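Structure file data-v6.pdb; described as PDB, C-alpha atoms.
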```pdb
ATOM      1  CA  SER A 220       7.192   4.928  -6.421
ATOM      2  CA  VAL A 221       8.669   3.728  -9.672
ATOM      3  CA  ASP A 222      11.414   1.857  -7.807
ATOM      4  CA  LYS A 223       8.764  -0.531  -6.332
ATOM      5  CA  SER A 224       9.399   0.489  -2.735
ATOM      6  CA  VAL A 225       7.639   2.142   0.188
ATOM      7  CA  ARG A 226       9.329   4.665   2.461
ATOM      8  CA  VAL A 227       8.015   5.748   5.863
ATOM      9  CA  TRP A 228       9.068   9.053   7.371
ATOM     10  CA  ALA A 229       8.732  10.394  10.908
ATOM     11  CA  VAL A 230       7.412  13.936  10.808
ATOM     12  CA  ASP A 231       9.151  16.392  13.084
ATOM     13  CA  THR A 232      10.242  20.008  13.106
ATOM     14  CA  ASP A 233      13.539  19.149  11.414
ATOM     15  CA  GLY A 234      11.884  18.089   8.183
ATOM     16  CA  GLY A 235      11.393  14.417   8.906
ATOM     17  CA  LYS A 236      13.496  11.305   9.216
ATOM     18  CA  LEU A 237      13.357   8.112   7.190
ATOM     19  CA  VAL A 238      12.334   5.379   9.639
ATOM     20  CA  GLY A 239      11.807   2.500   7.252
ATOM     21  CA  SER A 240      11.754   1.430   3.649
ATOM     22  CA  GLY A 241      11.360  -1.742   1.725
ATOM     23  CA  PHE A 242      10.594  -3.436  -1.554
ATOM     24  CA  ALA A 243       6.807  -3.590  -1.900
ATOM     25  CA  HIS A 244       5.660  -4.708  -5.357
ATOM     26  CA  GLU A 245       6.878  -6.319  -8.557
ATOM     27  CA  ARG A 246       6.178  -3.045 -10.367
ATOM     28  CA  ALA A 247       5.601   0.579  -9.344
ATOM     29  CA  VAL A 248       3.662   1.445  -6.166
ATOM     30  CA  TRP A 249       0.684   3.628  -7.093
ATOM     31  CA  ARG A 250      -1.274   4.218  -3.886
ATOM     32  CA  LEU A 251      -0.922   3.708  -0.167
ATOM     33  CA  ALA A 252      -3.073   4.297   2.894
ATOM     34  CA  TYR A 253      -2.802   3.782   6.628
ATOM     35  CA  ALA A 254      -5.529   2.012   8.578
ATOM     36  CA  PRO A 255      -7.244   4.379  11.030
ATOM     37  CA  ASP A 256      -5.340   2.906  13.994
ATOM     38  CA  GLY A 257      -2.010   3.281  12.181
ATOM     39  CA  ALA A 258      -1.105  -0.383  12.694
ATOM     40  CA  GLN A 259      -1.566  -1.440   9.063
ATOM     41  CA  LEU A 260      -0.399   0.134   5.826
ATOM     42  CA  TYR A 261      -1.967  -0.816   2.493
ATOM     43  CA  THR A 262      -0.310  -0.489  -0.896
ATOM     44  CA  VAL A 263      -1.557  -0.832  -4.457
ATOM     45  CA  GLY A 264       0.881  -1.514  -7.245
ATOM     46  CA  GLU A 265       1.090  -1.450 -10.998
ATOM     47  CA  ASP A 266       1.238  -5.246 -10.629
ATOM     48  CA  ARG A 267      -2.577  -5.154  -9.910
ATOM     49  CA  VAL A 268      -2.084  -6.359  -6.319
ATOM     50  CA  VAL A 269      -3.277  -4.878  -3.004
ATOM     51  CA  LYS A 270      -0.992  -5.661  -0.067
ATOM     52  CA  ALA A 271      -1.336  -5.166   3.685
ATOM     53  CA  TRP A 272       1.710  -4.413   5.826
ATOM     54  CA  ASP A 273       2.560  -4.214   9.496
ATOM     55  CA  ALA A 274       3.191  -0.463   9.563
ATOM     56  CA  ALA A 275       5.762  -0.542  12.366
ATOM     57  CA  LYS A 276       7.907  -3.323  10.904
ATOM     58  CA  LEU A 277       7.119  -2.828   7.186
ATOM     59  CA  THR A 278       6.538  -6.556   6.873
ATOM     60  CA  GLU A 279       3.902  -7.883   4.515
ATOM     61  CA  THR A 280       0.915  -9.424   6.316
ATOM     62  CA  LYS A 281      -1.366 -10.198   3.371
ATOM     63  CA  THR A 282      -1.387 -10.153  -0.414
ATOM     64  CA  HIS A 283      -4.789 -10.009  -2.037
ATOM     65  CA  ALA A 284      -5.355 -11.846  -5.322
ATOM     66  CA  PRO A 285      -4.247  -9.901  -8.413
ATOM     67  CA  GLN A 286      -7.026  -7.973 -10.091
ATOM     68  CA  PRO A 287      -7.847  -8.527 -13.780
ATOM     69  CA  GLU A 288      -7.169  -4.856 -14.555
ATOM     70  CA  ALA A 289      -4.980  -2.127 -13.139
ATOM     71  CA  VAL A 290      -6.044  -0.819  -9.713
ATOM     72  CA  LEU A 291      -6.214   2.948 -10.055
ATOM     73  CA  ASP A 292      -7.594   3.925  -6.667
ATOM     74  CA  PHE A 293      -7.942   2.606  -3.132
ATOM     75  CA  ALA A 294     -10.037   3.665  -0.148
ATOM     76  CA  LEU A 295     -10.203   2.212   3.337
ATOM     77  CA  ARG A 296     -13.382   2.290   5.403
ATOM     78  CA  PRO A 297     -13.013   4.520   8.510
ATOM     79  CA  ASP A 298     -13.171   1.517  10.851
ATOM     80  CA  GLY A 299     -10.478  -0.262   8.796
ATOM     81  CA  ARG A 300     -12.578  -3.402   8.243
ATOM     82  CA  GLN A 301     -13.052  -3.111   4.460
ATOM     83  CA  PHE A 302     -11.440  -1.442   1.500
ATOM     84  CA  ALA A 303     -12.677  -0.537  -1.945
ATOM     85  CA  ILE A 304     -10.711  -0.334  -5.161
ATOM     86  CA  GLY A 305     -11.269   1.372  -8.474
ATOM     87  CA  ARG A 306     -10.018  -0.575 -11.493
ATOM     88  CA  PHE A 307      -9.261   0.434 -15.057
ATOM     89  CA  ASP A 308     -12.142  -1.692 -16.362
TER      90      ASP A 308
END
```

Please express the file's structure as structure tokens.
Amino acid sequence: SVDKSVRVWAVDTDGGKLVGSGFAHERAVWRLAYAPDGAQLYTVGEDRVVKAWDAAKLTETKTHAPQPEAVLDFALRPDGRQFAIGRFD
């Protein structure tokens, strides 16, 4: 999102309900992915940083070192133990 935040919605038959939101990055959020167990949420921002979040509380648990170039894509291994990024370079 351009406003630098993440929003989490509960999916139900009534169209969903916002259950949490928060400021995530210094610049726009480009990608996000849940860990397979749903406990962690990962975000990638225009600020070249990958962050891990406690998905239930939307609290940041880890910030990975900024990359030298923009991170354009993100993928999490099915067991949740590693992730891969695609950079502009």

So that I can check the surroundings of region 257-259 of chain A, please list as a list in words every protein, DNA and RNA residue that reaches within 10 Å of it, counting only C-alpha atoms and ignoring chain neighbours fewer than 5 positions away.
Ala252, Ala271, Trp272, Asp273, Ala274, Ala275, Lys276, Leu277, Thr278, Glu279, Thr280 and Gly299 of chain A

I would like the residues chosen by the PyMOL selection byres ((chain A and resi 292) around 7) on the shown file; could you give them as a list in words?
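Output from the PyMOL selection byres ((chain A and resi 292) around 7), applied to this file: Arg250, Val290, Leu291, Phe293, Ala294, Ile304 and Gly305 of chain A.
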
Just to confirm, what's the straight-line distance from CA of Glu288 (chain A) to CA of Gly264 (chain A) in Å (one decimal)?
11.4 Å

When you look at Pro297 (chain A) with a cut-off of 8 Å (counting all atoms listed in the file), what residues show up, excluding the ones that are within fewer than 2 positions of it in the same chain? I need them as a PyMOL selection string.
chain A and resi 254-255+295+299-300

Can you work out the spacing between CA of Thr282 (chain A) and CA of Gly235 (chain A) in Å, to one decimal?
29.2 Å

In Å, rounded to a single decimal, give me how far CA of Arg296 (chain A) is from CA of Tyr253 (chain A).
10.8 Å

What box, with edges along x, y and z, holds each listed atom of region 276-293 of chain A when 3 Å is added on every side, and can you state its centre and edge lengths in Å to one decimal, as AutoDock Vina command-line options?
```
--center_x 0.0 --center_y -4.0 --center_z -1.8 --size_x 21.8 --size_y 21.8 --size_z 31.5
```

Given the file shown, determine the residues that the PyMOL selection byres ((chain A and resi 240-246) around 6) selects; report them as a ChimeraX atom specification.
/A:223-226,239,247,265-266

Please rebuild region 264-287 of chain A with N, CA and C atoms and give the result as a PDB file, keeping the file's coordinate frame.
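For reference, part18.pdb as written:
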```
ATOM      1  N   GLY A 264      -0.191  -1.631  -6.277  1.00  0.00           N
ATOM      2  CA  GLY A 264       0.881  -1.514  -7.245  1.00  0.00           C
ATOM      3  C   GLY A 264       0.430  -1.673  -8.676  1.00  0.00           C
ATOM      4  N   GLU A 265       1.310  -1.276  -9.566  1.00  0.00           N
ATOM      5  CA  GLU A 265       1.090  -1.450 -10.998  1.00  0.00           C
ATOM      6  C   GLU A 265       0.945  -2.935 -11.340  1.00  0.00           C
ATOM      7  N   ASP A 266       1.367  -3.800 -10.435  1.00  0.00           N
ATOM      8  CA  ASP A 266       1.238  -5.246 -10.629  1.00  0.00           C
ATOM      9  C   ASP A 266      -0.180  -5.761 -10.361  1.00  0.00           C
ATOM     10  N   ARG A 267      -1.145  -4.852 -10.102  1.00  0.00           N
ATOM     11  CA  ARG A 267      -2.577  -5.154  -9.910  1.00  0.00           C
ATOM     12  C   ARG A 267      -2.866  -5.828  -8.572  1.00  0.00           C
ATOM     13  N   VAL A 268      -1.959  -5.696  -7.609  1.00  0.00           N
ATOM     14  CA  VAL A 268      -2.084  -6.359  -6.319  1.00  0.00           C
ATOM     15  C   VAL A 268      -2.261  -5.321  -5.210  1.00  0.00           C
ATOM     16  N   VAL A 269      -3.135  -5.654  -4.231  1.00  0.00           N
ATOM     17  CA  VAL A 269      -3.277  -4.878  -3.004  1.00  0.00           C
ATOM     18  C   VAL A 269      -2.584  -5.670  -1.900  1.00  0.00           C
ATOM     19  N   LYS A 270      -1.713  -5.001  -1.147  1.00  0.00           N
ATOM     20  CA  LYS A 270      -0.992  -5.661  -0.067  1.00  0.00           C
ATOM     21  C   LYS A 270      -1.236  -4.936   1.255  1.00  0.00           C
ATOM     22  N   ALA A 271      -1.251  -5.717   2.335  1.00  0.00           N
ATOM     23  CA  ALA A 271      -1.336  -5.166   3.685  1.00  0.00           C
ATOM     24  C   ALA A 271       0.011  -5.377   4.361  1.00  0.00           C
ATOM     25  N   TRP A 272       0.403  -4.398   5.172  1.00  0.00           N
ATOM     26  CA  TRP A 272       1.710  -4.413   5.826  1.00  0.00           C
ATOM     27  C   TRP A 272       1.563  -4.088   7.299  1.00  0.00           C
ATOM     28  N   ASP A 273       2.412  -4.666   8.122  1.00  0.00           N
ATOM     29  CA  ASP A 273       2.560  -4.214   9.496  1.00  0.00           C
ATOM     30  C   ASP A 273       3.289  -2.875   9.388  1.00  0.00           C
ATOM     31  N   ALA A 274       2.636  -1.799   9.789  1.00  0.00           N
ATOM     32  CA  ALA A 274       3.191  -0.463   9.563  1.00  0.00           C
ATOM     33  C   ALA A 274       4.465  -0.202  10.363  1.00  0.00           C
ATOM     34  N   ALA A 275       4.584  -0.783  11.536  1.00  0.00           N
ATOM     35  CA  ALA A 275       5.762  -0.542  12.366  1.00  0.00           C
ATOM     36  C   ALA A 275       6.988  -1.284  11.838  1.00  0.00           C
ATOM     37  N   LYS A 276       6.787  -2.490  11.345  1.00  0.00           N
ATOM     38  CA  LYS A 276       7.907  -3.323  10.904  1.00  0.00           C
ATOM     39  C   LYS A 276       8.126  -3.305   9.393  1.00  0.00           C
ATOM     40  N   LEU A 277       7.128  -2.780   8.647  1.00  0.00           N
ATOM     41  CA  LEU A 277       7.119  -2.828   7.186  1.00  0.00           C
ATOM     42  C   LEU A 277       7.285  -4.257   6.684  1.00  0.00           C
ATOM     43  N   THR A 278       6.564  -5.168   7.324  1.00  0.00           N
ATOM     44  CA  THR A 278       6.538  -6.556   6.873  1.00  0.00           C
ATOM     45  C   THR A 278       5.161  -6.849   6.302  1.00  0.00           C
ATOM     46  N   GLU A 279       5.154  -7.563   5.210  1.00  0.00           N
ATOM     47  CA  GLU A 279       3.902  -7.883   4.515  1.00  0.00           C
ATOM     48  C   GLU A 279       3.085  -8.859   5.361  1.00  0.00           C
ATOM     49  N   THR A 280       1.794  -8.545   5.544  1.00  0.00           N
ATOM     50  CA  THR A 280       0.915  -9.424   6.316  1.00  0.00           C
ATOM     51  C   THR A 280      -0.111 -10.129   5.438  1.00  0.00           C
ATOM     52  N   LYS A 281      -0.409  -9.555   4.266  1.00  0.00           N
ATOM     53  CA  LYS A 281      -1.366 -10.198   3.371  1.00  0.00           C
ATOM     54  C   LYS A 281      -1.212  -9.646   1.963  1.00  0.00           C
ATOM     55  N   THR A 282      -1.329 -10.542   0.996  1.00  0.00           N
ATOM     56  CA  THR A 282      -1.387 -10.153  -0.414  1.00  0.00           C
ATOM     57  C   THR A 282      -2.723 -10.608  -0.952  1.00  0.00           C
ATOM     58  N   HIS A 283      -3.492  -9.680  -1.458  1.00  0.00           N
ATOM     59  CA  HIS A 283      -4.789 -10.009  -2.037  1.00  0.00           C
ATOM     60  C   HIS A 283      -4.594 -10.452  -3.487  1.00  0.00           C
ATOM     61  N   ALA A 284      -5.468 -11.288  -3.973  1.00  0.00           N
ATOM     62  CA  ALA A 284      -5.355 -11.846  -5.322  1.00  0.00           C
ATOM     63  C   ALA A 284      -5.232 -10.727  -6.356  1.00  0.00           C
ATOM     64  N   PRO A 285      -4.382 -10.916  -7.363  1.00  0.00           N
ATOM     65  CA  PRO A 285      -4.247  -9.901  -8.413  1.00  0.00           C
ATOM     66  C   PRO A 285      -5.591  -9.628  -9.095  1.00  0.00           C
ATOM     67  N   GLN A 286      -5.811  -8.389  -9.402  1.00  0.00           N
ATOM     68  CA  GLN A 286      -7.026  -7.973 -10.091  1.00  0.00           C
ATOM     69  C   GLN A 286      -6.849  -8.163 -11.599  1.00  0.00           C
ATOM     70  N   PRO A 287      -7.965  -8.323 -12.340  1.00  0.00           N
ATOM     71  CA  PRO A 287      -7.847  -8.527 -13.780  1.00  0.00           C
ATOM     72  C   PRO A 287      -7.395  -7.275 -14.546  1.00  0.00           C
TER      73      PRO A 287
END
```
